[in-house]
Each structure stands twice: as structure tokens, then as C-alpha cells.
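Participant: A single structure is presented below for examination.
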Amino acid sequence: MSQSQLSTKHLLGIKYITKEDIELIFKTAIEFKDVINRPIKKVPSLRDVTVANVFFENSTRTRISFELAERRLSADVVNFAASSSSVSKGETLLDTVNNILAMKVDMVVMRHPAPGAHHFLSKHIDANIINAGDGTHEHPTQALLDAFSIQEKIGSLVGKNIVIVGDILHSRVALSNIFCLKKLGANVMVCGPATLIPKHIKSLGVEVEHNIKKALEWCDVANVLRIQLERQDIKYIPSLREYAIYFGINKQLLESINKDIVIMHPGPINRGVELTSDVADSHQSIILDQVENGVAIRMAVLYLLAGRRN
Ligand code: NCD
């Protein structure tokens, strides 16, 4: 019998949910995708639920995507950006969040630069917590929308070859993707310069390849990540120009592999670095489908967690 409830009341990371949870989220997201493609895009499912979007790091698409998801479910929404708040006056994370909750907020969607910030909060507060990115650790809704978009494009992930290309070391998208894709039965490879691949990554059951052409020949799907310069305290690569020469994906490289692989990117794209524009905008790219699916996936997560208040 298929599951009707999530096994957890928070979404802290893909590591902490089951394959059945992921399947339930996908099943629910298919229904919500239907809703957001109707002329009337709103359902009353979260009427009387208040959600706070608490962002301690910059974000465009993730924040907007969550807010749209919440509004389409008819939730009441409050937005909090750390830069314009009392955090700059020295308030602790727990005090900040407890003050928001005192105003009767039921769910907290949070992005925070410290890995584990969400775990800490989940031990101290009652509201449902959704991780919208914790430093270099996890970004679970991105991984869910990525896997959902792959499944929509090429069917079941079982036995499919997916390569994640780029700055694996600093990417929360990479780690959440690895957990999610492996749980769904895909074969996962990471590809990038040796300095941007974590030393013990093979212990997560992934393959490592440093040659982009070989990686593309192997895969059905390439999920291409941004070089996260803002997280690099030392120089991991000589220059972006050299990175683009050795690891950037361009039309010529894609045509040389003789098969039609799917190209993905979580955004924001550095055009001309990890992808050239003719690849990012080609028929092989599902980058805008990922953005569309992001809203449906986040609606599904919010809806299912709201049903798990305790
Ligand atoms: C990612 C993030 O913030 O972790 N982007 C996103 O959520 N859309 C990836 C990135 O910043 O490169």
C-alpha cells in the first residue's frame, strides 16, 4: 500500500527522508503541477496556516518559488531577510525564530549559512522546519525538483546515469542530489577539478571522473553546478577562464559525444563559464522546467508537512 503521510515533520535534508517519502512528494507534486497550470492557480489547502520565510542568505528563485507555493496553497506568508533585521543588532538565531513564532507562525522555511542550523532549531521549536539551504550542506527541495524533472523527462531513475558537474565541494545542491538520486536507484558520478571534489566522496557510493568528455559519454543526464566563488576562501582553480576550457559545456563538446543527453542547472547560471548560452538555451536543456517544477514540489512539501504538525 502506498504511504499517505511523510515519515517526518521537518524537511531538514534528503538524508533524513525515505524513498517512500520522496515518492509521496512526487505523487503530490504531479497533482499540484496540474493546479498551477489551470487558469485559477490557487487551492485552499493551507488556509489558516502561517508560513515564515526566514532568509539569512541571498536568494532569488528559491525564495520566490517558496512564496508562490505558499500563496497558491492559500497560506498566510511573512518574509524575513536577515540583512534588514535585528540579527545585525546581535540577536541569536533561536531568539529571532522564537520571536517570529510568538506571532503564531506554524511553519518556517529557512536559508542559513551554517550547516546544521535547521537541526538545532528543530530541537528547540514546535513549528515545521523546511531547509531552503544550509551553507554547503543540504538543499533538499532543489534535489527533489531536480529528480522530479529528470523523471518527468526520461522516466524512472532506476539504473539511469547522472553526472553532477562542477564545484562539488561547496555545493549543497550536489550533496542533496547525491542522496536523492541514490535513494531513487540512479548511478551517480561527480566530475570536476580535483580541488573541488571532496576527498571521501566515494564513500557516498558515487564515481569520480575528471575528464568532462568521458563523463558526458557515460551519462544520460548532466546536472551542471555553478562555481561558488563566494564560498571559496582560497583559490581552488587558477581562473574561471581555465575552468571553462576544461569543464565548461559547449555545443561542440555536446555534438562530439553523439548522444542526446539532458542538461540541467539549478541556477544562477554563469553563462560562458559552466555552460555556454547555446547549451543553456538548447532543446536538451530542462533548466526552465526545473524552475516550474520547483513551485509544484514546494507546494507538495508544504502541504504534506502541514499534515504532520506533531
Ligand atoms: C543554489 C543554491 O543557492 O544553493 N541555487 C538555488 O537554490 N537556486 C545553487 C547556487 O547558488 O549555485
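Here, A, B, ... name the chains of the C-alpha cells in the order displayed, residue numbers run from 1 inside each chain, and ligands are numbered from 1 in the same displayed order.
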Could you list, as an MDAnalysis selection string, all the residues within 10 Å of ligand 1, counting only C-alpha atoms and all ligand atoms?
Facilitator: chainID A and resid 57:63 65 111 132:143 167 170:174 224:230 265:270 290:291 294
Participant: Among range 6-95 of chain A, which residues carry a DSSP assignment of strand (DSSP E), reported as an MDAnalysis selection string?
Facilitator: chainID A and resid 50:55 76:81
Participant: Keeping only N, CA and C atoms, write those residues as a PDB file, in the first residue's frame.
Facilitator:
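Once everything was written out, this is result.pdb:
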ATOM      1  N   THR A  50       0.155  29.721   8.772  1.00  0.00           N
ATOM      2  CA  THR A  50       1.041  30.865   8.537  1.00  0.00           C
ATOM      3  C   THR A  50       2.470  30.360   8.361  1.00  0.00           C
ATOM      4  N   VAL A  51       3.098  30.811   7.295  1.00  0.00           N
ATOM      5  CA  VAL A  51       4.460  30.356   6.984  1.00  0.00           C
ATOM      6  C   VAL A  51       5.390  31.564   7.000  1.00  0.00           C
ATOM      7  N   ALA A  52       6.543  31.421   7.673  1.00  0.00           N
ATOM      8  CA  ALA A  52       7.557  32.490   7.650  1.00  0.00           C
ATOM      9  C   ALA A  52       8.716  32.034   6.764  1.00  0.00           C
ATOM     10  N   ASN A  53       9.097  32.871   5.828  1.00  0.00           N
ATOM     11  CA  ASN A  53      10.285  32.610   5.012  1.00  0.00           C
ATOM     12  C   ASN A  53      11.428  33.400   5.626  1.00  0.00           C
ATOM     13  N   VAL A  54      12.361  32.687   6.247  1.00  0.00           N
ATOM     14  CA  VAL A  54      13.425  33.343   7.008  1.00  0.00           C
ATOM     15  C   VAL A  54      14.738  33.121   6.263  1.00  0.00           C
ATOM     16  N   PHE A  55      15.245  34.176   5.637  1.00  0.00           N
ATOM     17  CA  PHE A  55      16.426  34.012   4.768  1.00  0.00           C
ATOM     18  C   PHE A  55      17.621  34.803   5.294  1.00  0.00           C
ATOM     19  N   ASP A  76      -0.994  32.101   4.836  1.00  0.00           N
ATOM     20  CA  ASP A  76      -0.566  33.479   5.130  1.00  0.00           C
ATOM     21  C   ASP A  76       0.956  33.459   5.174  1.00  0.00           C
ATOM     22  N   VAL A  77       1.565  34.487   4.581  1.00  0.00           N
ATOM     23  CA  VAL A  77       3.018  34.458   4.399  1.00  0.00           C
ATOM     24  C   VAL A  77       3.669  35.681   5.016  1.00  0.00           C
ATOM     25  N   VAL A  78       4.749  35.463   5.782  1.00  0.00           N
ATOM     26  CA  VAL A  78       5.579  36.601   6.206  1.00  0.00           C
ATOM     27  C   VAL A  78       7.010  36.350   5.735  1.00  0.00           C
ATOM     28  N   ASN A  79       7.665  37.416   5.319  1.00  0.00           N
ATOM     29  CA  ASN A  79       9.038  37.298   4.814  1.00  0.00           C
ATOM     30  C   ASN A  79       9.988  38.032   5.728  1.00  0.00           C
ATOM     31  N   PHE A  80      11.124  37.398   5.957  1.00  0.00           N
ATOM     32  CA  PHE A  80      12.119  37.970   6.849  1.00  0.00           C
ATOM     33  C   PHE A  80      13.477  37.855   6.170  1.00  0.00           C
ATOM     34  N   ALA A  81      14.155  38.976   5.989  1.00  0.00           N
ATOM     35  CA  ALA A  81      15.504  38.933   5.414  1.00  0.00           C
ATOM     36  C   ALA A  81      16.484  39.419   6.463  1.00  0.00           C
TER      37      ALA A  81
END
Participant: Compile the contact shell of Lys9 in chain A as number ranges by chain: residues with an atom at most 12 Å away, counting only C-alpha atoms, same-chain residues fewer than 6 positions apart removed.
Facilitator: A: 16-17, 21, 106-108, 122-123, 125-130, 301-310
Participant: Separation of CA of Ile286 in chain A and CA of Glu274 in chain A, in Å?
Facilitator: 15.4 Å
Participant: Applying 10 Å and only C-alpha atoms, which residues near Lys202 in chain A remain after dropping the ones on its own chain fewer than 5 positions away? List them as a PDB file with all heavy atoms, in the first residue's frame.
Facilitator:
ATOM      1  N   MET A 189      27.655   9.995 -10.736  1.00  0.00           N
ATOM      2  CA  MET A 189      29.075  10.314 -10.912  1.00  0.00           C
ATOM      3  C   MET A 189      29.252  11.801 -10.629  1.00  0.00           C
ATOM      4  O   MET A 189      28.345  12.597 -10.872  1.00  0.00           O
ATOM      5  CB  MET A 189      29.464  10.018 -12.365  1.00  0.00           C
ATOM      6  CG  MET A 189      30.870  10.410 -12.740  1.00  0.00           C
ATOM      7  SD  MET A 189      31.145  10.194 -14.539  1.00  0.00           S
ATOM      8  CE  MET A 189      31.543   8.468 -14.628  1.00  0.00           C
ATOM      9  N   VAL A 190      30.412  12.187 -10.073  1.00  0.00           N
ATOM     10  CA  VAL A 190      30.712  13.621  -9.963  1.00  0.00           C
ATOM     11  C   VAL A 190      31.918  13.911 -10.844  1.00  0.00           C
ATOM     12  O   VAL A 190      32.805  13.068 -10.998  1.00  0.00           O
ATOM     13  CB  VAL A 190      30.974  14.072  -8.500  1.00  0.00           C
ATOM     14  CG1 VAL A 190      29.712  13.961  -7.673  1.00  0.00           C
ATOM     15  CG2 VAL A 190      32.110  13.299  -7.862  1.00  0.00           C
ATOM     16  N   ILE A 197      36.533  18.478  -5.634  1.00  0.00           N
ATOM     17  CA  ILE A 197      35.832  17.218  -5.324  1.00  0.00           C
ATOM     18  C   ILE A 197      36.243  16.814  -3.898  1.00  0.00           C
ATOM     19  O   ILE A 197      37.435  16.655  -3.632  1.00  0.00           O
ATOM     20  CB  ILE A 197      36.264  16.080  -6.298  1.00  0.00           C
ATOM     21  CG1 ILE A 197      36.099  16.497  -7.761  1.00  0.00           C
ATOM     22  CG2 ILE A 197      35.557  14.780  -5.975  1.00  0.00           C
ATOM     23  CD1 ILE A 197      34.739  16.375  -8.345  1.00  0.00           C
ATOM     24  N   GLU A 207      30.789   7.677  -8.360  1.00  0.00           N
ATOM     25  CA  GLU A 207      32.040   7.575  -9.111  1.00  0.00           C
ATOM     26  C   GLU A 207      32.619   8.960  -9.313  1.00  0.00           C
ATOM     27  O   GLU A 207      31.890   9.945  -9.300  1.00  0.00           O
ATOM     28  CB  GLU A 207      31.763   6.940 -10.464  1.00  0.00           C
ATOM     29  CG  GLU A 207      31.343   5.486 -10.328  1.00  0.00           C
ATOM     30  CD  GLU A 207      31.154   4.835 -11.675  1.00  0.00           C
ATOM     31  OE1 GLU A 207      32.046   4.989 -12.539  1.00  0.00           O
ATOM     32  OE2 GLU A 207      30.103   4.208 -11.836  1.00  0.00           O
ATOM     33  N   VAL A 208      33.932   9.022  -9.510  1.00  0.00           N
ATOM     34  CA  VAL A 208      34.578  10.317  -9.731  1.00  0.00           C
ATOM     35  C   VAL A 208      35.261  10.296 -11.087  1.00  0.00           C
ATOM     36  O   VAL A 208      35.919   9.306 -11.453  1.00  0.00           O
ATOM     37  CB  VAL A 208      35.632  10.587  -8.621  1.00  0.00           C
ATOM     38  CG1 VAL A 208      36.386  11.894  -8.902  1.00  0.00           C
ATOM     39  CG2 VAL A 208      34.960  10.651  -7.248  1.00  0.00           C
TER      40      VAL A 208
END
Participant: DSSP on the backbone: what in range 37-265 of chain A comes out alpha helix (DSSP H), as an MDAnalysis selection string?
Facilitator: chainID A and resid 61:72 93:101 117:122 140:154 172:183 212:218 240:247 251:256
Participant: What does the distance from CA of Gly192 in chain A to CA of Ser277 in chain A come to in Å, to one decimal?
Facilitator: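 These two atoms are separated by 20.0 Å.
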Participant: Can you pull out the residues contacting Lys213 in chain A? Cut-off 9 Å, using only C-alpha atoms, and skip same-chain residues under 4 positions away; I want them as a PyMOL selection string.
Facilitator: chain A and resi 217-218+247+253-254+256-257
Participant: Take the residues from that selection and put them in a file with N, CA and C atoms, as a short mmCIF file (atom, residue, chain, number, x, y, z; two decimals), in the first residue's frame.
Facilitator:
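Contents of part_28.cif, freshly written:
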data_model
loop_
_atom_site.label_atom_id
_atom_site.label_comp_id
_atom_site.auth_asym_id
_atom_site.auth_seq_id
_atom_site.Cartn_x
_atom_site.Cartn_y
_atom_site.Cartn_z
N GLU A 217 29.99 11.23 -21.99
CA GLU A 217 29.74 9.99 -22.76
C GLU A 217 29.05 8.94 -21.90
N TRP A 218 29.35 8.95 -20.61
CA TRP A 218 28.79 7.95 -19.68
C TRP A 218 27.33 8.23 -19.31
N PHE A 247 36.23 22.34 -18.13
CA PHE A 247 34.99 21.73 -17.63
C PHE A 247 33.71 22.38 -18.16
N LEU A 253 31.30 20.39 -27.76
CA LEU A 253 31.56 19.24 -26.89
C LEU A 253 30.34 18.32 -26.90
N LEU A 254 29.14 18.90 -26.80
CA LEU A 254 27.93 18.08 -26.78
C LEU A 254 27.76 17.31 -28.09
N SER A 256 30.09 16.34 -30.03
CA SER A 256 31.14 15.33 -30.19
C SER A 256 30.81 14.02 -29.48
N ILE A 257 29.81 14.01 -28.59
CA ILE A 257 29.54 12.75 -27.87
C ILE A 257 28.46 11.90 -28.52
#
Participant: Determine, counting only C-alpha atoms, which protein, DNA and RNA residues have an atom within 9 Å of an atom of Ser285 in chain A; residues of the same chain fewer than 2 positions away are not included. Present the result as number ranges by chain.
Facilitator: A: 261-265, 279-283, 287-289
Participant: In Å, rounded to a single decimal, give me how far CA of Asn98 in chain A is from CA of Pro115 in chain A.
Facilitator: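 Separating CA of Pro115 in chain A from CA of Asn98 in chain A is a distance of 19.6 Å.
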Participant: Give the answer as one residue: which of A:Asn250, A:Asn187, A:Asn177, A:Thr195 has the shortest atom-to-atom distance to Lys15 in chain A, using only C-alpha atoms?
Facilitator: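 Nearest to Lys15 in chain A: A:Asn177.
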Participant: I'd like to know which of A:Leu121, A:Ala147, A:Ile168, A:Leu46 is closest to Asn293 in chain A, using only C-alpha atoms.
Facilitator: A:Ala147
Participant: Which residue, A:Lys27, A:His124, A:Lys153, A:Lys42, has the smallest gap to Asp95 in chain A when you use only C-alpha atoms?
Facilitator: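 Among the listed residues, A:His124 lies closest to Asp95 in chain A.
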Participant: List the spatial neighbours of Ile22 in chain A as a CSV table (one decimal) with C-alpha atoms, in the first residue's frame - criterion: any atom at most 12 Å away, only C-alpha atoms, same-chain residues fewer than 4 positions off excluded.
Facilitator:
chain,number,residue,atom,x,y,z
A,2,SER,CA,1.4,3.4,-0.8
A,3,GLN,CA,2.2,5.8,2.0
A,4,SER,CA,-0.1,8.8,2.7
A,5,GLN,CA,2.0,10.7,5.2
A,6,LEU,CA,5.6,11.7,5.4
A,7,SER,CA,7.7,9.9,8.0
A,8,THR,CA,8.9,13.2,9.4
A,11,LEU,CA,12.4,18.6,5.9
A,13,GLY,CA,17.7,17.2,4.4
A,14,ILE,CA,17.3,14.3,1.9
A,15,LYS,CA,19.5,12.2,4.1
A,16,TYR,CA,16.7,12.1,6.7
A,17,ILE,CA,13.8,11.1,4.5
A,18,THR,CA,12.9,7.8,2.9
A,26,PHE,CA,6.4,13.4,-6.3
A,27,LYS,CA,2.9,12.0,-6.5
A,28,THR,CA,1.6,15.0,-4.7
A,29,ALA,CA,3.6,17.4,-6.9
A,140,PRO,CA,16.6,19.3,-0.2
A,141,THR,CA,13.8,20.9,-2.2
A,143,ALA,CA,17.3,17.9,-5.1
A,144,LEU,CA,13.6,16.9,-5.1
A,145,LEU,CA,12.8,19.2,-8.0
A,146,ASP,CA,15.8,18.1,-9.9
A,147,ALA,CA,15.0,14.4,-9.5
A,148,PHE,CA,11.3,15.1,-10.3
A,179,PHE,CA,21.3,11.4,-1.5
A,180,CYS,CA,18.1,11.8,-3.6
A,181,LEU,CA,19.3,10.2,-6.8
A,182,LYS,CA,20.9,7.2,-5.0
A,183,LYS,CA,17.7,6.6,-3.0
A,184,LEU,CA,15.8,6.5,-6.3
A,297,ILE,CA,7.5,20.3,-5.4
A,300,ALA,CA,3.8,19.3,-2.1
A,301,VAL,CA,6.4,19.5,0.7
A,304,LEU,CA,2.5,17.2,3.3
